[in-house]
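Coordinates as given in work_33.txt (compact mmCIF, C-alpha atoms):
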# COMPACT_ATOMS: atom_id res chain seq x y z
CA MET O 1 11.31 -33.40 -28.08
CA ARG O 2 13.24 -30.25 -28.93
CA ILE O 3 11.71 -26.92 -27.93
CA SER O 4 11.94 -24.29 -30.65
CA VAL O 5 13.70 -20.96 -30.14
CA PHE O 6 10.36 -19.19 -30.51
CA VAL O 7 8.77 -21.20 -27.69
CA LYS O 8 11.78 -20.69 -25.40
CA ALA O 9 11.79 -16.93 -25.96
CA LEU O 10 8.02 -16.73 -25.52
CA MET O 11 8.12 -18.69 -22.26
CA GLY O 12 10.84 -16.37 -20.96
CA TYR O 13 8.75 -13.30 -21.74
CA ILE O 14 5.67 -14.85 -20.13
CA VAL O 15 7.52 -15.67 -16.90
CA VAL O 16 8.96 -12.15 -16.68
CA ALA O 17 5.59 -10.52 -17.43
CA VAL O 18 3.72 -12.60 -14.84
CA LEU O 19 6.33 -12.03 -12.10
CA LEU O 20 6.44 -8.29 -12.72
CA SER O 21 2.63 -8.10 -12.72
CA ILE O 22 2.40 -9.97 -9.40
CA LEU O 23 4.98 -7.66 -7.82
CA VAL O 24 3.23 -4.57 -9.12
CA LEU O 25 -0.12 -5.88 -7.87
CA ALA O 26 1.21 -6.61 -4.39
CA PHE O 27 3.05 -3.32 -3.95
CA THR O 28 0.30 -1.21 -5.49
CA PHE O 29 -2.41 -2.70 -3.26
CA ARG O 30 -0.25 -2.24 -0.15
CA ILE O 31 0.53 1.38 -0.97
CA VAL O 32 -3.11 2.20 -1.77
CA LYS O 33 -4.32 0.42 1.39
CA ASP O 34 -1.89 2.35 3.62
CA TYR O 35 -2.87 5.62 1.97
CA HIS O 36 -6.58 4.86 2.36
CA VAL O 37 -6.23 3.98 6.05
CA LYS O 38 -4.16 7.11 6.65
CA THR O 39 -6.81 9.26 4.94
CA LEU O 40 -9.56 7.72 7.09
CA ALA O 41 -7.46 8.24 10.23
CA ASP O 42 -6.95 11.91 9.31
CA ASN O 43 -10.71 12.29 8.82
CA LEU O 44 -11.37 10.68 12.21
CA THR O 45 -8.90 13.08 13.81
CA LYS O 46 -10.78 16.05 12.33
CA ILE O 47 -14.09 14.61 13.59
CA ALA O 48 -12.65 14.18 17.08
CA LEU O 49 -11.28 17.73 17.16
CA SER O 50 -14.60 19.18 15.98
CA MET O 51 -16.55 17.56 18.84
CA SER O 52 -13.90 17.87 21.56
CA ALA O 53 -15.07 21.26 22.93
CA GLU O 54 -18.59 20.11 23.89
CA ILE O 55 -17.33 16.79 25.21
CA LYS O 56 -14.67 18.54 27.29
CA ASN O 57 -17.29 20.80 28.88
CA LEU O 58 -19.44 17.83 29.93
CA PHE O 59 -16.35 15.92 31.03
CA ILE O 60 -15.04 18.73 33.26
CA ALA O 61 -18.51 19.35 34.70
CA GLY O 62 -18.62 15.69 35.75
CA GLN O 63 -21.95 15.15 33.98
CA THR O 64 -21.25 11.51 33.11
CA ASP O 65 -24.83 10.57 32.26
CA SER O 66 -25.25 13.61 30.01
CA LEU O 67 -21.89 12.85 28.40
CA ASP O 68 -22.91 9.28 27.63
CA SER O 69 -26.25 10.41 26.18
CA TYR O 70 -24.50 13.04 24.08
CA VAL O 71 -21.98 10.64 22.51
CA LYS O 72 -24.71 8.04 21.85
CA ASN O 73 -26.86 10.58 19.99
CA LEU O 74 -23.91 12.07 18.16
CA GLY O 75 -22.39 8.70 17.28
CA SER O 76 -25.61 7.38 15.73
CA GLY O 77 -25.99 10.60 13.77
CA ILE O 78 -22.54 10.60 12.16
CA GLY O 79 -22.07 6.82 11.95
CA THR O 80 -18.93 6.86 14.10
CA ARG O 81 -18.23 5.17 17.40
CA ILE O 82 -17.25 7.63 20.15
CA THR O 83 -15.63 6.74 23.48
CA VAL O 84 -14.54 8.98 26.35
CA ILE O 85 -11.96 7.67 28.83
CA ASP O 86 -10.42 9.25 31.92
CA THR O 87 -6.70 9.20 32.75
CA ALA O 88 -7.13 6.02 34.81
CA GLY O 89 -8.43 4.19 31.74
CA THR O 90 -12.03 4.03 32.93
CA VAL O 91 -14.63 4.38 30.18
CA LEU O 92 -17.02 7.21 31.03
CA ALA O 93 -19.10 7.24 27.84
CA ASP O 94 -19.46 5.11 24.73
CA SER O 95 -21.80 5.50 21.78
CA GLU O 96 -22.19 1.74 21.22
CA ASN O 97 -22.26 0.19 24.70
CA ASP O 98 -22.91 0.73 28.38
CA PRO O 99 -19.60 2.18 29.67
CA ARG O 100 -20.13 0.52 33.06
CA THR O 101 -19.74 -2.92 31.50
CA MET O 102 -16.56 -2.07 29.56
CA GLU O 103 -13.07 -3.03 30.71
CA ASN O 104 -10.25 -0.63 31.52
CA HIS O 105 -8.72 0.95 28.39
CA LYS O 106 -5.51 2.43 29.75
CA ALA O 107 -3.28 -0.22 28.15
CA ARG O 108 -4.75 0.26 24.65
CA LYS O 109 -2.17 1.52 22.17
CA GLU O 110 -4.10 4.58 21.02
CA ILE O 111 -5.09 5.53 24.58
CA THR O 112 -1.50 5.28 25.82
CA ALA O 113 -0.39 7.63 23.03
CA ALA O 114 -3.17 10.15 23.77
CA LEU O 115 -2.34 10.18 27.50
CA ILE O 116 1.15 11.47 26.70
CA GLY O 117 -0.21 14.18 24.44
CA GLU O 118 -0.02 12.50 21.05
CA ILE O 119 -2.67 11.49 18.53
CA GLY O 120 -3.05 7.72 18.96
CA GLN O 121 -3.99 5.38 16.13
CA ALA O 122 -4.58 1.62 15.96
CA MET O 123 -6.47 -1.00 14.00
CA ARG O 124 -7.48 -4.16 15.84
CA TYR O 125 -10.33 -6.48 16.79
CA SER O 126 -12.75 -5.04 19.34
CA ARG O 127 -13.94 -7.56 21.92
CA THR O 128 -16.75 -5.17 22.84
CA VAL O 129 -18.46 -4.95 19.44
CA LYS O 130 -16.91 -8.19 18.05
CA GLN O 131 -15.48 -6.50 14.94
CA GLU O 132 -12.18 -5.12 13.71
CA MET O 133 -12.02 -1.33 14.03
CA LEU O 134 -9.83 1.64 13.17
CA TYR O 135 -9.25 3.83 16.25
CA VAL O 136 -8.02 7.41 16.63
CA ALA O 137 -7.63 8.98 20.08
CA ILE O 138 -6.84 12.57 21.07
CA PRO O 139 -6.12 14.01 24.54
CA ILE O 140 -8.71 16.07 26.40
CA ARG O 141 -6.90 19.04 27.93
CA THR O 142 -7.82 21.70 30.47
CA HIS O 143 -5.27 24.40 31.30
CA SER O 144 -2.63 22.40 29.36
CA GLU O 145 -3.23 19.36 31.60
CA ILE O 146 -4.44 16.08 30.08
CA VAL O 147 -7.55 15.02 31.97
CA GLY O 148 -8.91 12.35 29.63
CA VAL O 149 -9.07 10.89 26.15
CA LEU O 150 -11.59 11.22 23.33
CA ARG O 151 -11.54 8.28 20.94
CA VAL O 152 -13.41 7.88 17.66
CA SER O 153 -13.47 4.76 15.51
CA LEU O 154 -14.85 3.17 12.35
CA PHE O 155 -15.76 -0.43 11.63
CA ALA O 156 -13.03 -2.01 9.53
CA SER O 157 -15.71 -3.91 7.57
CA GLU O 158 -16.50 -0.64 5.77
CA ILE O 159 -12.80 -0.17 5.01
CA SER O 160 -12.49 -3.79 3.88
CA ALA O 161 -15.43 -3.45 1.48
CA LEU O 162 -13.80 -0.45 -0.19
CA LEU O 163 -10.44 -2.23 -0.34
CA ARG O 164 -11.99 -5.37 -1.87
CA ASN O 165 -13.56 -3.27 -4.59
CA LEU O 166 -10.24 -1.54 -5.16
CA GLN O 167 -8.42 -4.88 -5.22
CA ARG O 168 -10.76 -6.20 -7.92
CA ARG O 169 -10.06 -3.14 -10.06
CA ILE O 170 -6.30 -3.49 -9.62
CA ILE O 171 -6.48 -7.20 -10.54
CA SER O 172 -8.51 -6.34 -13.67
CA VAL O 173 -5.95 -3.77 -14.76
CA THR O 174 -3.12 -6.22 -14.02
CA LEU O 175 -4.75 -8.93 -16.17
CA ILE O 176 -5.11 -6.48 -19.05
CA ILE O 177 -1.43 -5.59 -18.70
CA ILE O 178 -0.49 -9.28 -18.70
CA LEU O 179 -2.52 -9.93 -21.88
CA LEU O 180 -0.92 -6.96 -23.61
CA SER O 181 2.50 -8.15 -22.46
CA LEU O 182 1.82 -11.62 -23.88
CA GLY O 183 0.85 -10.10 -27.23
CA LEU O 184 4.07 -8.10 -27.30
CA ALA O 185 6.01 -11.17 -26.16
CA ILE O 186 4.70 -13.17 -29.13
CA ILE O 187 5.75 -10.41 -31.55
CA PHE O 188 9.21 -10.02 -30.01
CA SER O 189 9.74 -13.77 -29.82
CA ARG O 190 8.96 -14.17 -33.50
CA ASN O 191 11.28 -11.31 -34.42
CA ILE O 192 14.07 -12.93 -32.42
CA SER O 193 13.45 -16.52 -33.49
CA LYS O 194 13.33 -15.86 -37.26
CA PRO O 195 16.94 -14.66 -37.69
CA LEU O 196 18.12 -17.35 -35.26
CA ARG O 197 16.41 -20.06 -37.32
CA ARG O 198 18.04 -18.68 -40.46
CA LEU O 199 21.41 -18.69 -38.73
CA VAL O 200 20.95 -22.29 -37.59
CA GLU O 201 19.90 -23.34 -41.09
CA ALA O 202 22.90 -21.57 -42.64
CA SER O 203 25.23 -23.23 -40.14
CA ARG O 204 23.73 -26.60 -40.98
CA ARG O 205 24.30 -26.05 -44.71
CA VAL O 206 27.90 -24.99 -44.07
CA ALA O 207 28.43 -28.15 -42.00
CA GLN O 208 27.04 -30.21 -44.88
CA GLY O 209 29.56 -28.60 -47.25

Just give me the structure as structure tokens.
Amino acid sequence: MRISVFVKALMGYIVVAVLLSILVLAFTFRIVKDYHVKTLADNLTKIALSMSAEIKNLFIAGQTDSLDSYVKNLGSGIGTRITVIDTAGTVLADSENDPRTMENHKARKEITAALIGEIGQAMRYSRTVKQEMLYVAIPIRTHSEIVGVLRVSLFASEISALLRNLQRRIISVTLIIILLSLGLAIIFSRNISKPLRRLVEASRRVAQG
């Protein structure tokens, strides 16, 4: 069974349109996801900086129980997990759990970065709360010396819900683009196939004398 020129041209346009749409979908979602996570991390950094003064005062005073009560009350109020760690990696306060039952945090990526004076960031599964979380950690300084780390975090489930909604919208837009591309492909294929059919017919007549 011979495939007409129109069908061949149309199939070519469809393949190109679908491949381009998939590539655009993949790259667009990745770019938007990275931007969204970066924006959330920047917001967490601002939250950490805004509460660092009071936490530093309690930390330096050695009021561990008051520090733990403070971060628990504050964390529940702003919907953000707050953790305070000393330079040895020991958790002194945590808004979600009893710090005495938590393991040493010194080897965590964001904590390691904060201990050398940087703003640490990481996204990973938390064995403590059994969920994936986005972490941001900043150093606690006194007289230019790093004496501890203040870490704030958000549940990744909230991020994932926003990203799923965004992904659905991107897919909807992509499908609309594909349908429009198919409509244009049909028009272009017909415009190309008509003169080719005429040329083939003319060649056949010439061959028949």

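Pairwise distance (atom CA of Thr64 of chain O, atom CA of Gly117 of chain O) equals 22.9 Å.
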
Would you compute the distance between atom CA of Ile176 of chain O and atom CA of His36 of chain O? Give it in Å to one decimal.
24.3 Å

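Residue nearest Asp34 of chain O, chosen from O:Glu96, O:Ala88, O:Leu49, O:Met123 and counting all atoms listed in the file: O:Met123.
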
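Computed from the coordinates, the atom CA of Leu150 of chain O to atom CA of Tyr35 of chain O distance equals 23.7 Å.
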
Counting all atoms listed in the file, what is within 8 Å of Leu44 of chain O, bar same-chain residues fewer than 5 positions away, as a PyMOL selection string?
chain O and resi 136+152-153

Name the residues in contact with Ile116 of chain O at a cut-off of 12 Å, using only C-alpha atoms, excluding same-chain residues fewer than 2 positions from it; report them as a ChimeraX atom specification.
/O:87,106,109-114,118-120,137-141,144-149

Contacts of Ala26 of chain O at 10 Å or less, counting all atoms listed in the file, minus same-chain residues fewer than 6 places along, as a ChimeraX atom specification?
/O:20,167,170-171

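The closest residue to Leu92 of chain O, picked from O:Val71, O:Val32, O:Leu25, O:Ala107 and counting all atoms listed in the file, is O:Val71.
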
Test item: residues at most 9 Å from Arg124 of chain O, only C-alpha atoms, excluding those fewer than 3 positions along its chain, as JSON, numbers by chain
{"O": [131, 132, 133, 134, 135, 156]}

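Taking only C-alpha atoms, the non-local environment of Asn104 of chain O within 10 Å (same-chain residues fewer than 6 positions away omitted) comprises Ile85, Asp86, Ala88, Gly89, Thr90 and Val91 of chain O.
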
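Candidate residues O:Ala48, O:Thr28, O:Ala41, O:Ile60 were compared for distance to His143 of chain O, and the nearest is O:Ile60, using all atoms listed in the file.
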
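Using all atoms listed in the file, the shortest contact distance between Phe29 of chain O and any of O:Arg164, O:Arg204, O:Lys72, O:Arg127 is found at O:Arg164.
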
Residue among O:Ile22, O:Ala53, O:Leu199, O:Ile187 lying closest to Val173 of chain O, counting only C-alpha atoms
O:Ile22

Padded axis-aligned box of segment 144-159 of chain O (4 Å per side), centre and edge lengths, Å, one decimal, as lines of an AutoDock Vina configuration file:
center_x = -9.6
center_y = 9.2
center_z = 18.5
size_x = 21.9
size_y = 34.3
size_z = 35.0

Answer as a PyMOL selection string, residues within 8 Å of (-20.4, 11.2, 31.8) using all atoms listed in the file:
chain O and resi 58-59+62-68+92-93
